[in-house]
file entry_18.cif (mmCIF, C-alpha atoms)
data_target
#
loop_
_atom_site.label_atom_id
_atom_site.label_comp_id
_atom_site.auth_asym_id
_atom_site.auth_seq_id
_atom_site.Cartn_x
_atom_site.Cartn_y
_atom_site.Cartn_z
CA MET A 1 -72.09 -81.41 12.84
CA ALA A 2 -71.21 -77.76 12.31
CA ARG A 3 -68.39 -77.36 9.81
CA PHE A 4 -66.12 -74.44 9.09
CA PRO A 5 -66.43 -73.83 5.31
CA LYS A 6 -63.88 -76.15 3.77
CA LYS A 7 -62.97 -73.85 0.91
CA ILE A 8 -60.83 -71.80 3.30
CA ALA A 9 -58.30 -74.64 3.25
CA TYR A 10 -58.08 -74.46 -0.52
CA PHE A 11 -57.44 -70.72 -0.58
CA ALA A 12 -54.95 -70.62 2.28
CA GLY A 13 -51.92 -70.61 0.02
CA GLN A 14 -53.30 -67.65 -1.94
CA PHE A 15 -53.49 -65.21 0.98
CA TYR A 16 -51.89 -61.79 0.61
CA THR A 17 -52.11 -61.55 -3.16
CA GLN A 18 -52.01 -57.81 -2.47
CA PRO A 19 -49.61 -56.25 0.07
CA MET A 20 -51.16 -55.48 3.45
CA GLN A 21 -50.18 -52.23 5.14
CA SER A 22 -48.27 -52.72 8.38
CA ILE A 23 -50.01 -51.79 11.62
CA ASN A 24 -48.31 -49.67 14.25
CA ALA A 25 -49.18 -51.36 17.51
CA ASN A 26 -48.43 -50.19 21.03
CA GLY A 27 -44.64 -49.97 20.81
CA TYR A 28 -44.06 -52.50 18.02
CA PRO A 29 -44.97 -53.04 14.35
CA ILE A 30 -47.22 -55.76 12.92
CA HIS A 31 -46.08 -56.82 9.43
CA PHE A 32 -47.99 -59.01 6.98
CA GLY A 33 -46.69 -61.53 4.47
CA PRO A 34 -43.17 -61.47 2.98
CA SER A 35 -42.44 -57.94 4.23
CA GLY A 36 -42.51 -59.35 7.75
CA TYR A 37 -39.46 -61.50 7.13
CA GLU A 38 -37.62 -58.57 5.59
CA ALA A 39 -38.40 -56.57 8.73
CA LEU A 40 -37.23 -59.44 10.94
CA ASN A 41 -33.86 -59.69 9.18
CA GLN A 42 -33.46 -55.93 9.37
CA LEU A 43 -34.26 -56.00 13.09
CA ILE A 44 -31.66 -58.69 13.75
CA ALA A 45 -29.01 -56.78 11.82
CA HIS A 46 -29.85 -53.40 13.34
CA GLN A 47 -30.01 -54.61 16.95
CA LYS A 48 -26.85 -56.71 16.52
CA TYR A 49 -28.22 -59.67 18.44
CA SER A 50 -25.65 -62.21 19.62
CA SER A 51 -27.80 -65.25 18.82
CA VAL A 52 -31.32 -66.32 17.83
CA PHE A 53 -33.33 -68.95 19.72
CA ILE A 54 -36.48 -70.27 18.03
CA VAL A 55 -39.04 -71.54 20.54
CA THR A 56 -41.60 -73.87 18.97
CA ASP A 57 -43.75 -76.88 19.79
CA SER A 58 -43.61 -80.32 18.24
CA HIS A 59 -46.37 -79.60 15.71
CA SER A 60 -44.90 -76.29 14.52
CA ASN A 61 -41.42 -77.81 14.47
CA ASP A 62 -42.62 -80.40 11.96
CA CYS A 63 -45.03 -78.29 9.89
CA CYS A 64 -43.87 -74.65 10.09
CA LEU A 65 -40.17 -74.55 10.92
CA PRO A 66 -39.08 -75.86 7.46
CA LYS A 67 -40.93 -72.90 5.89
CA PHE A 68 -39.59 -70.36 8.38
CA LEU A 69 -35.88 -71.17 8.50
CA PRO A 70 -35.17 -70.26 4.83
CA GLN A 71 -36.58 -66.79 5.58
CA LEU A 72 -33.77 -66.04 8.03
CA ALA A 73 -30.82 -64.31 6.37
CA VAL A 74 -28.47 -63.99 9.33
CA ASP A 75 -24.90 -64.99 10.12
CA ILE A 76 -25.27 -65.45 13.88
CA PRO A 77 -25.91 -68.71 15.78
CA ILE A 78 -29.44 -70.12 15.58
CA GLU A 79 -30.76 -72.71 18.04
CA ILE A 80 -34.12 -74.53 18.09
CA ILE A 81 -35.93 -75.17 21.39
CA GLU A 82 -38.91 -77.51 21.07
CA PHE A 83 -41.53 -78.59 23.62
CA GLU A 84 -44.60 -80.82 23.38
CA SER A 85 -47.71 -79.40 21.72
CA GLY A 86 -50.87 -78.69 23.68
CA GLU A 87 -52.27 -76.62 26.52
CA SER A 88 -50.95 -79.10 29.08
CA ALA A 89 -47.39 -77.89 28.32
CA LYS A 90 -48.28 -74.27 29.11
CA ASN A 91 -46.90 -74.29 32.64
CA ILE A 92 -43.98 -73.08 34.73
CA ASN A 93 -42.18 -76.43 34.41
CA THR A 94 -41.85 -75.96 30.66
CA CYS A 95 -40.52 -72.45 31.31
CA VAL A 96 -37.90 -73.80 33.70
CA GLU A 97 -36.77 -76.31 31.08
CA ILE A 98 -36.43 -73.56 28.46
CA TRP A 99 -34.63 -71.21 30.87
CA ASN A 100 -32.15 -74.00 31.61
CA ILE A 101 -31.62 -74.70 27.90
CA LEU A 102 -31.05 -71.02 27.21
CA THR A 103 -28.51 -70.91 30.02
CA ASP A 104 -26.74 -74.07 28.87
CA LEU A 105 -26.52 -72.74 25.29
CA GLY A 106 -25.06 -69.43 26.39
CA ALA A 107 -27.98 -67.09 25.80
CA ASP A 108 -27.29 -63.56 27.00
CA ARG A 109 -29.04 -60.19 27.25
CA LYS A 110 -28.44 -59.63 23.51
CA SER A 111 -30.07 -62.89 22.44
CA LEU A 112 -33.38 -62.83 20.55
CA LEU A 113 -36.22 -65.29 21.16
CA VAL A 114 -38.45 -66.04 18.15
CA ASN A 115 -41.76 -67.68 19.09
CA LEU A 116 -43.01 -69.79 16.18
CA GLY A 117 -46.32 -71.50 16.83
CA GLY A 118 -49.83 -71.11 18.15
CA GLY A 119 -51.14 -69.33 21.21
CA VAL A 120 -49.43 -71.65 23.68
CA VAL A 121 -46.05 -70.93 22.05
CA THR A 122 -46.49 -67.15 21.85
CA ASP A 123 -47.91 -66.90 25.39
CA LEU A 124 -45.25 -69.10 26.95
CA GLY A 125 -42.36 -67.89 24.78
CA GLY A 126 -43.15 -64.26 25.50
CA PHE A 127 -43.17 -65.01 29.24
CA VAL A 128 -39.87 -66.88 29.03
CA ALA A 129 -38.24 -63.98 27.17
CA SER A 130 -39.72 -61.34 29.47
CA THR A 131 -38.27 -63.00 32.57
CA PHE A 132 -34.97 -64.49 31.37
CA LYS A 133 -32.11 -62.31 32.65
CA ARG A 134 -34.80 -59.75 33.55
CA GLY A 135 -35.95 -59.60 29.96
CA ILE A 136 -34.65 -60.19 26.44
CA ASP A 137 -36.25 -59.22 23.13
CA PHE A 138 -38.71 -61.56 21.45
CA VAL A 139 -40.57 -61.78 18.15
CA ASN A 140 -43.91 -63.53 17.62
CA ILE A 141 -44.64 -65.47 14.44
CA PRO A 142 -48.09 -67.02 15.04
CA THR A 143 -48.97 -70.06 12.97
CA THR A 144 -52.62 -70.61 13.99
CA LEU A 145 -55.63 -68.44 13.30
CA LEU A 146 -56.27 -68.05 17.05
CA ALA A 147 -52.73 -66.82 17.66
CA MET A 148 -52.80 -64.48 14.66
CA VAL A 149 -55.95 -62.61 15.63
CA ASP A 150 -55.67 -62.82 19.41
CA ALA A 151 -52.93 -64.51 21.41
CA SER A 152 -49.91 -62.90 19.77
CA VAL A 153 -51.38 -59.37 19.70
CA GLY A 154 -51.36 -57.04 22.68
CA GLY A 155 -48.45 -58.13 24.85
CA LYS A 156 -50.10 -60.64 27.20
CA ASN A 157 -47.66 -63.44 28.02
CA GLY A 158 -47.98 -66.18 30.58
CA VAL A 159 -48.73 -69.71 31.65
CA ASP A 160 -51.45 -71.66 33.39
CA LEU A 161 -51.42 -72.60 37.07
CA GLY A 162 -52.63 -76.18 37.04
CA ALA A 163 -55.93 -76.07 35.17
CA LEU A 164 -56.40 -72.35 35.86
CA LYS A 165 -55.86 -70.35 32.68
CA ASN A 166 -53.18 -67.65 32.40
CA GLN A 167 -52.75 -67.11 36.14
CA ILE A 168 -49.02 -66.36 35.93
CA GLY A 169 -47.72 -63.79 33.46
CA VAL A 170 -46.72 -60.31 32.41
CA ILE A 171 -47.76 -57.67 29.88
CA ASN A 172 -44.77 -57.06 27.63
CA THR A 173 -44.79 -56.38 23.90
CA PRO A 174 -42.67 -58.13 21.26
CA ALA A 175 -40.07 -56.32 19.19
CA LEU A 176 -41.97 -57.40 16.08
CA LEU A 177 -45.01 -59.42 15.03
CA VAL A 178 -45.09 -61.22 11.68
CA ILE A 179 -48.42 -62.46 10.27
CA ASP A 180 -47.99 -65.03 7.50
CA THR A 181 -51.28 -66.78 6.78
CA SER A 182 -49.69 -69.44 4.61
CA TYR A 183 -49.02 -71.29 7.88
CA LEU A 184 -52.78 -71.85 8.10
CA GLU A 185 -52.41 -74.58 5.48
CA THR A 186 -51.04 -76.77 8.28
CA LEU A 187 -54.17 -76.45 10.46
CA PRO A 188 -57.03 -78.94 10.81
CA GLN A 189 -60.54 -77.56 10.49
CA ASN A 190 -61.24 -77.57 14.24
CA GLU A 191 -58.23 -75.32 14.84
CA MET A 192 -59.47 -72.91 12.18
CA ARG A 193 -62.87 -72.79 13.88
CA SER A 194 -61.17 -72.17 17.20
CA GLY A 195 -59.58 -69.00 15.83
CA LEU A 196 -62.83 -67.89 14.25
CA ALA A 197 -64.36 -67.57 17.74
CA GLU A 198 -62.08 -64.64 18.55
CA MET A 199 -62.87 -62.98 15.22
CA LEU A 200 -66.58 -63.21 15.98
CA LYS A 201 -65.90 -61.74 19.42
CA HIS A 202 -64.09 -58.74 17.95
CA GLY A 203 -67.18 -57.88 15.92
CA LEU A 204 -69.54 -58.39 18.85
CA VAL A 205 -67.65 -56.14 21.25
CA TYR A 206 -66.41 -53.42 18.88
CA ASP A 207 -67.74 -53.37 15.33
CA LYS A 208 -71.28 -54.39 14.37
CA THR A 209 -70.49 -54.13 10.66
CA TYR A 210 -67.60 -56.59 11.05
CA TRP A 211 -69.84 -58.98 13.03
CA GLU A 212 -72.46 -58.92 10.30
CA LYS A 213 -69.92 -60.16 7.75
CA PHE A 214 -70.04 -63.53 9.51
CA LEU A 215 -73.81 -63.94 9.67
CA ASP A 216 -73.86 -65.86 6.39
CA LEU A 217 -70.66 -67.89 6.30
CA ALA A 218 -71.64 -69.61 3.08
CA ALA A 219 -71.57 -66.26 1.30
CA ILE A 220 -68.04 -65.32 2.43
CA ASP A 221 -65.42 -65.44 -0.29
CA PHE A 222 -62.58 -67.07 1.60
CA ALA A 223 -60.15 -66.07 -1.11
CA ASP A 224 -60.34 -62.72 0.70
CA PHE A 225 -60.13 -64.20 4.18
CA ASP A 226 -56.81 -62.40 4.72
CA ALA A 227 -58.76 -59.13 4.77
CA LEU A 228 -61.00 -60.46 7.56
CA ILE A 229 -57.91 -61.52 9.53
CA TYR A 230 -56.34 -58.12 8.99
CA GLU A 231 -59.49 -56.36 10.20
CA SER A 232 -59.70 -58.59 13.28
CA ILE A 233 -56.10 -57.77 14.21
CA ALA A 234 -56.77 -54.06 13.63
CA ILE A 235 -59.78 -54.19 15.98
CA LYS A 236 -57.85 -55.87 18.77
CA ASN A 237 -54.95 -53.46 18.32
CA ALA A 238 -57.31 -50.46 18.44
CA ILE A 239 -58.70 -51.66 21.77
CA VAL A 240 -55.35 -52.58 23.30
CA SER A 241 -53.71 -49.33 22.21
CA GLN A 242 -56.27 -47.40 24.26
CA ASP A 243 -55.68 -49.49 27.38
CA PRO A 244 -52.46 -51.58 27.30
CA THR A 245 -52.63 -52.73 30.94
CA GLU A 246 -56.35 -53.63 31.00
CA ASN A 247 -57.72 -51.07 33.42
CA GLY A 248 -60.66 -50.11 31.25
CA ILE A 249 -61.76 -50.72 27.65
CA ARG A 250 -59.40 -53.67 27.11
CA LYS A 251 -61.66 -55.64 29.45
CA ALA A 252 -64.09 -55.70 26.51
CA LEU A 253 -61.92 -58.44 25.01
CA ASN A 254 -62.91 -60.66 27.94
CA PHE A 255 -66.44 -61.09 26.63
CA GLY A 256 -67.14 -64.82 26.58
CA HIS A 257 -63.95 -65.52 28.51
CA THR A 258 -65.20 -65.36 32.10
CA LEU A 259 -67.36 -68.44 31.64
CA GLY A 260 -65.32 -69.67 28.67
CA HIS A 261 -62.09 -69.97 30.66
CA ALA A 262 -63.91 -71.71 33.52
CA ILE A 263 -65.41 -74.19 31.05
CA GLU A 264 -62.03 -74.73 29.39
CA SER A 265 -60.33 -75.34 32.76
CA TYR A 266 -63.08 -77.69 33.94
CA PHE A 267 -62.90 -79.82 30.80
CA LEU A 268 -59.08 -79.80 30.99
CA GLU A 269 -58.95 -81.20 34.53
CA SER A 270 -61.93 -83.61 34.30
CA ASP A 271 -61.07 -87.22 33.57
CA ASP A 272 -64.48 -87.90 32.05
CA LYS A 273 -64.48 -84.89 29.71
CA GLU A 274 -62.82 -84.41 26.35
CA THR A 275 -60.43 -81.44 26.38
CA LEU A 276 -61.80 -78.42 24.52
CA LEU A 277 -59.93 -76.11 22.20
CA HIS A 278 -59.79 -72.53 23.47
CA GLY A 279 -62.13 -71.23 20.77
CA GLU A 280 -64.67 -74.00 21.44
CA ALA A 281 -64.88 -72.99 25.10
CA ILE A 282 -65.00 -69.28 24.27
CA ALA A 283 -67.77 -69.84 21.74
CA ALA A 284 -69.86 -71.45 24.49
CA GLY A 285 -68.92 -68.62 26.84
CA MET A 286 -70.11 -66.03 24.32
CA VAL A 287 -73.52 -67.71 23.96
CA LEU A 288 -73.88 -67.91 27.75
CA GLU A 289 -72.78 -64.34 28.34
CA ALA A 290 -74.96 -63.06 25.50
CA PHE A 291 -77.93 -64.69 27.29
CA ILE A 292 -76.93 -62.92 30.50
CA SER A 293 -76.67 -59.65 28.54
CA TRP A 294 -80.22 -60.17 27.27
CA LYS A 295 -81.61 -60.93 30.73
CA LYS A 296 -79.92 -57.78 32.06
CA ASP A 297 -81.71 -55.76 29.34
CA LEU A 298 -78.46 -54.96 27.53
CA LEU A 299 -79.32 -57.03 24.44
CA THR A 300 -82.69 -57.50 22.77
CA GLU A 301 -84.05 -61.02 22.51
CA ARG A 302 -83.63 -60.81 18.74
CA GLU A 303 -79.95 -59.85 19.10
CA TYR A 304 -79.36 -62.73 21.50
CA ALA A 305 -81.01 -65.16 19.10
CA GLN A 306 -78.79 -63.85 16.30
CA VAL A 307 -75.63 -64.34 18.37
CA LYS A 308 -76.63 -67.84 19.40
CA ALA A 309 -77.59 -68.91 15.86
CA ALA A 310 -74.41 -67.51 14.30
CA ILE A 311 -72.15 -69.25 16.81
CA PHE A 312 -74.01 -72.56 16.62
CA ALA A 313 -73.69 -72.39 12.82
CA VAL A 314 -69.94 -72.91 13.36
CA PHE A 315 -69.57 -74.65 16.74
CA ASP A 316 -71.32 -77.76 17.98
CA PRO A 317 -73.00 -77.22 21.37
CA ILE A 318 -70.97 -78.54 24.31
CA PRO A 319 -72.87 -81.36 26.05
CA PHE A 320 -73.20 -79.88 29.55
CA VAL A 321 -75.05 -81.80 32.26
CA GLU A 322 -76.36 -80.35 35.50
CA LYS A 323 -73.54 -81.79 37.61
CA ASP A 324 -71.10 -79.67 35.59
CA TYR A 325 -72.53 -76.37 36.81
CA ALA A 326 -71.20 -76.33 40.38
CA PRO A 327 -67.52 -77.04 39.54
CA ILE A 328 -67.62 -74.48 36.70
CA PHE A 329 -69.10 -71.90 39.10
CA GLY A 330 -66.35 -72.78 41.57
CA LEU A 331 -63.67 -71.98 38.99
CA LEU A 332 -65.10 -68.51 38.34
CA ILE A 333 -63.64 -67.16 41.58
CA HIS A 334 -60.14 -67.68 40.16
CA ASP A 335 -60.78 -65.53 37.08
CA LYS A 336 -57.98 -62.97 36.88
CA LYS A 337 -60.43 -60.11 36.17
CA ASN A 338 -62.05 -60.46 39.59
CA GLU A 339 -61.85 -57.60 42.08
CA TYR A 340 -62.56 -57.64 45.82
CA GLY A 341 -63.68 -61.27 45.60
CA LYS A 342 -66.40 -60.52 43.03
CA VAL A 343 -66.58 -62.13 39.59
CA GLN A 344 -66.46 -59.46 36.88
CA PHE A 345 -68.12 -59.92 33.49
CA ALA A 346 -67.83 -57.96 30.25
CA LEU A 347 -71.33 -58.05 28.75
CA LEU A 348 -72.71 -56.94 25.41
CA ASP A 349 -74.49 -53.58 25.46
CA GLY A 350 -76.02 -54.11 22.06
CA ILE A 351 -74.08 -55.63 19.14
CA GLY A 352 -70.74 -53.86 18.75
CA LYS A 353 -70.68 -52.34 22.25
CA ILE A 354 -69.70 -53.60 25.68
CA LYS A 355 -70.37 -52.93 29.35
CA ILE A 356 -67.46 -53.90 31.64
CA ASP A 357 -67.20 -54.72 35.35
CA GLN A 358 -70.61 -56.37 35.61
CA THR A 359 -71.53 -58.72 38.46
CA VAL A 360 -73.89 -61.63 37.79
CA GLU A 361 -75.87 -63.80 40.21
CA ASN A 362 -75.31 -67.57 40.14
CA GLU A 363 -79.01 -68.08 39.44
CA LEU A 364 -78.71 -66.13 36.20
CA ILE A 365 -75.58 -68.05 35.20
CA GLU A 366 -77.43 -71.33 35.78
CA ALA A 367 -80.35 -70.07 33.70
CA ALA A 368 -77.87 -69.29 30.91
CA PHE A 369 -76.59 -72.89 30.95
CA LYS A 370 -80.13 -74.25 30.82
CA ASN A 371 -81.02 -71.99 27.90
CA TYR A 372 -77.78 -72.91 26.10
CA LYS A 373 -79.02 -76.50 25.77
CA THR A 374 -82.33 -75.56 24.15
#

call {"tool": "encode", "arguments": {"input": "entry_18.cif", "output": "C-alpha cells"}}
result
Amino acid sequence: MARFPKKIAYFAGQFYTQPMQSINANGYPIHFGPSGYEALNQLIAHQKYSSVFIVTDSHSNDCCLPKFLPQLAVDIPIEIIEFESGESAKNINTCVEIWNILTDLGADRKSLLVNLGGGVVTDLGGFVASTFKRGIDFVNIPTTLLAMVDASVGGKNGVDLGALKNQIGVINTPALLVIDTSYLETLPQNEMRSGLAEMLKHGLVYDKTYWEKFLDLAAIDFADFDALIYESIAIKNAIVSQDPTENGIRKALNFGHTLGHAIESYFLESDDKETLLHGEAIAAGMVLEAFISWKKDLLTEREYAQVKAAIFAVFDPIPFVEKDYAPIFGLLIHDKKNEYGKVQFALLDGIGKIKIDQTVENELIEAAFKNYKT
C-alpha cells in the first residue's frame, strides 16, 4: 500500500517556525500562522460586525473549534452552526438548514460567517454567505491540506447537485483567508494524501521545478512542509489572479478534474463502490489525463511515465473494471467546463504547462483507463 510519509504527522506542530509573508490575493489577503488571527480580530473590529457565526462540521467542531475559539478577541455575539461531516452533506438542503438557523438567530447584513473546516465547509459556507440576504462577509479558515492549498483559495463556492460535483455555486472571495497548518495534526494520513494531489497538480500545470520537488518523497524534509504549502497556495493564487472567473488560464487548474470529478461522482452514487476522497479521485484523473496528453503528442512517453510513477508512489490505484467505464463516460457530459455540449479537457503540454479547451474521443478515454491498470 502506498503511504504518505508518516514523519509529516510528527512535524505538523512545528510548522511556521519562521513568519510567512502574507499573500495579496484577488481582493483579499491570505495570512499565515498567528498573524492570521490578529488580522481576523482587526477585521472584526474595523468592520464593526454585529455578530459572528462559525460554520463547521462535526469533525472540525470536535478537533479544531477548541483551538480556534481562544483566538477570537471580540465582544460581540458568537454562534456555532454545525453540520455532519462528509461530501454527502454538501447540498442545498444543508444550505437551507443553515439559512434558517441564521434567520432564527437574528443574523443580519452586518453579520460575519467564519468557515472553519475542510473543503466541504469552505465551499458550502462561502455559498451560504454569498447568498444570505444577497451576501454577507465570510472568512475561510481551512483545516485540511486539501482546503488550504485548493478549496479555500480563489473564491469558488458551491454545493453538489445529487452526485454531480459543484453544479450549484458562485465565485465570490472571502474577506480574509487564514492558513494555520497546526490544524493538520487532526488529519488522518489518507486526508493528508488527498491534499497532496492538488499540490502535485499545481506543479504539473504551472511550475516544473515545484513538481520535481515531489519526485522523491522520501528525500523531502517535512519539517519544511509549510514552505511547500505556501508555494502551492502562491501558484494557485497566481493563476486565479490572472483569470478570476475562469474564462482562460484558470481552466488549467481543472487538469485531472474532468475525469476525476466523474470518477468521484460515480463512486459516490454507486452502492457497490467505496466512496473516494477528492484527492484520490483527482490523482486517478491526473494519471488518465496525462496518458491522453501523451497520446495527443503533448507529453513525451517518458514524461507520462514519470507522472504515473510519482502519483502511484503516493496513491493506490483505483480498482476499475470495464463495466465502470460507461457510467463514468455518461457523467462527463455534466462537467461544468463543457461548452456547446462538448466535454472540455485541460491537458498537459509538457510538465509545467497546460493546453485548455481540448476535446477527447471516448476511444482515447477508454484506452487511458486500460493503460491505468497496467

call {"tool": "resolve_selection", "arguments": {"input": "entry_18.cif", "expression": "the PyMOL selection byres ((chain A and resi 303) around 12)", "output": "list in words"}}
result
Leu204, Lys208, Trp211, Glu212, Leu215, Val287, Ala290, Phe291, Ser293, Trp294, Lys295, Asp297, Leu298, Leu299, Thr300, Glu301, Arg302, Tyr304, Ala305, Gln306, Val307, Lys308, Ala309, Ala310, Leu348, Asp349, Gly350, Ile351 and Gly352 of chain A

call {"tool": "closest_residue", "arguments": {"input": "entry_18.cif", "among": "A:Cys95, A:Glu38, A:Thr144, A:Met20", "to": "Pro70 of chain A", "atoms": "all atoms listed in the file"}}
result
A:Glu38

call {"tool": "residues_near_point", "arguments": {"input": "entry_18.cif", "point": "(-44.7, -57.7, 27.9)", "cutoff": "12 Å", "atoms": "all atoms listed in the file", "output": "MDAnalysis selection string"}}
result
chainID A and resid 26:28 122:131 134:140 152:158 169:175 244:245

call {"tool": "resolve_selection", "arguments": {"input": "entry_18.cif", "expression": "the PyMOL selection byres ((chain A and resi 30) around 9)", "output": "PDB file with C-alpha atoms, in the coordinates of the input"}}
result
ATOM      1  CA  SER A  22     -48.270 -52.720   8.380  1.00  0.00           C
ATOM      2  CA  ILE A  23     -50.010 -51.790  11.620  1.00  0.00           C
ATOM      3  CA  ASN A  24     -48.310 -49.670  14.250  1.00  0.00           C
ATOM      4  CA  ALA A  25     -49.180 -51.360  17.510  1.00  0.00           C
ATOM      5  CA  TYR A  28     -44.060 -52.500  18.020  1.00  0.00           C
ATOM      6  CA  PRO A  29     -44.970 -53.040  14.350  1.00  0.00           C
ATOM      7  CA  HIS A  31     -46.080 -56.820   9.430  1.00  0.00           C
ATOM      8  CA  PHE A  32     -47.990 -59.010   6.980  1.00  0.00           C
ATOM      9  CA  GLY A  36     -42.510 -59.350   7.750  1.00  0.00           C
ATOM     10  CA  VAL A 153     -51.380 -59.370  19.700  1.00  0.00           C
ATOM     11  CA  LEU A 176     -41.970 -57.400  16.080  1.00  0.00           C
ATOM     12  CA  LEU A 177     -45.010 -59.420  15.030  1.00  0.00           C
ATOM     13  CA  VAL A 178     -45.090 -61.220  11.680  1.00  0.00           C
ATOM     14  CA  ILE A 179     -48.420 -62.460  10.270  1.00  0.00           C
TER      15      ILE A 179
END

call {"tool": "resolve_selection", "arguments": {"input": "entry_18.cif", "expression": "the PyMOL selection byres ((chain A and resi 198) around 8)", "output": "list in words"}}
result
Leu146, Val149, Asp150, Ser194, Gly195, Leu196, Ala197, Met199, Leu200, Lys201, His202, Gly279 and Ile282 of chain A

call {"tool": "residues_around", "arguments": {"input": "entry_18.cif", "residues": "Glu84 of chain A", "least_positions_apart": "4", "cutoff": "10 Å", "atoms": "all atoms listed in the file", "output": "PyMOL selection string"}}
result
chain A and resi 56-61+88-90+94

call {"tool": "write_last_selection", "arguments": {"input": "entry_18.cif", "atoms": "C-alpha atoms", "output": "PDB file, in the coordinates of the input"}}
result
ATOM      1  CA  THR A  56     -41.600 -73.870  18.970  1.00  0.00           C
ATOM      2  CA  ASP A  57     -43.750 -76.880  19.790  1.00  0.00           C
ATOM      3  CA  SER A  58     -43.610 -80.320  18.240  1.00  0.00           C
ATOM      4  CA  HIS A  59     -46.370 -79.600  15.710  1.00  0.00           C
ATOM      5  CA  SER A  60     -44.900 -76.290  14.520  1.00  0.00           C
ATOM      6  CA  ASN A  61     -41.420 -77.810  14.470  1.00  0.00           C
ATOM      7  CA  SER A  88     -50.950 -79.100  29.080  1.00  0.00           C
ATOM      8  CA  ALA A  89     -47.390 -77.890  28.320  1.00  0.00           C
ATOM      9  CA  LYS A  90     -48.280 -74.270  29.110  1.00  0.00           C
ATOM     10  CA  THR A  94     -41.850 -75.960  30.660  1.00  0.00           C
TER      11      THR A  94
END

call {"tool": "residues_around", "arguments": {"input": "entry_18.cif", "residues": "Lys251 of chain A", "least_positions_apart": "4", "cutoff": "7 Å", "atoms": "only C-alpha atoms", "output": "PDB file with C-alpha atoms, keeping the file's coordinate frame"}}
result
ATOM      1  CA  GLU A 246     -56.350 -53.630  31.000  1.00  0.00           C
ATOM      2  CA  ALA A 346     -67.830 -57.960  30.250  1.00  0.00           C
ATOM      3  CA  ILE A 356     -67.460 -53.900  31.640  1.00  0.00           C
TER       4      ILE A 356
END
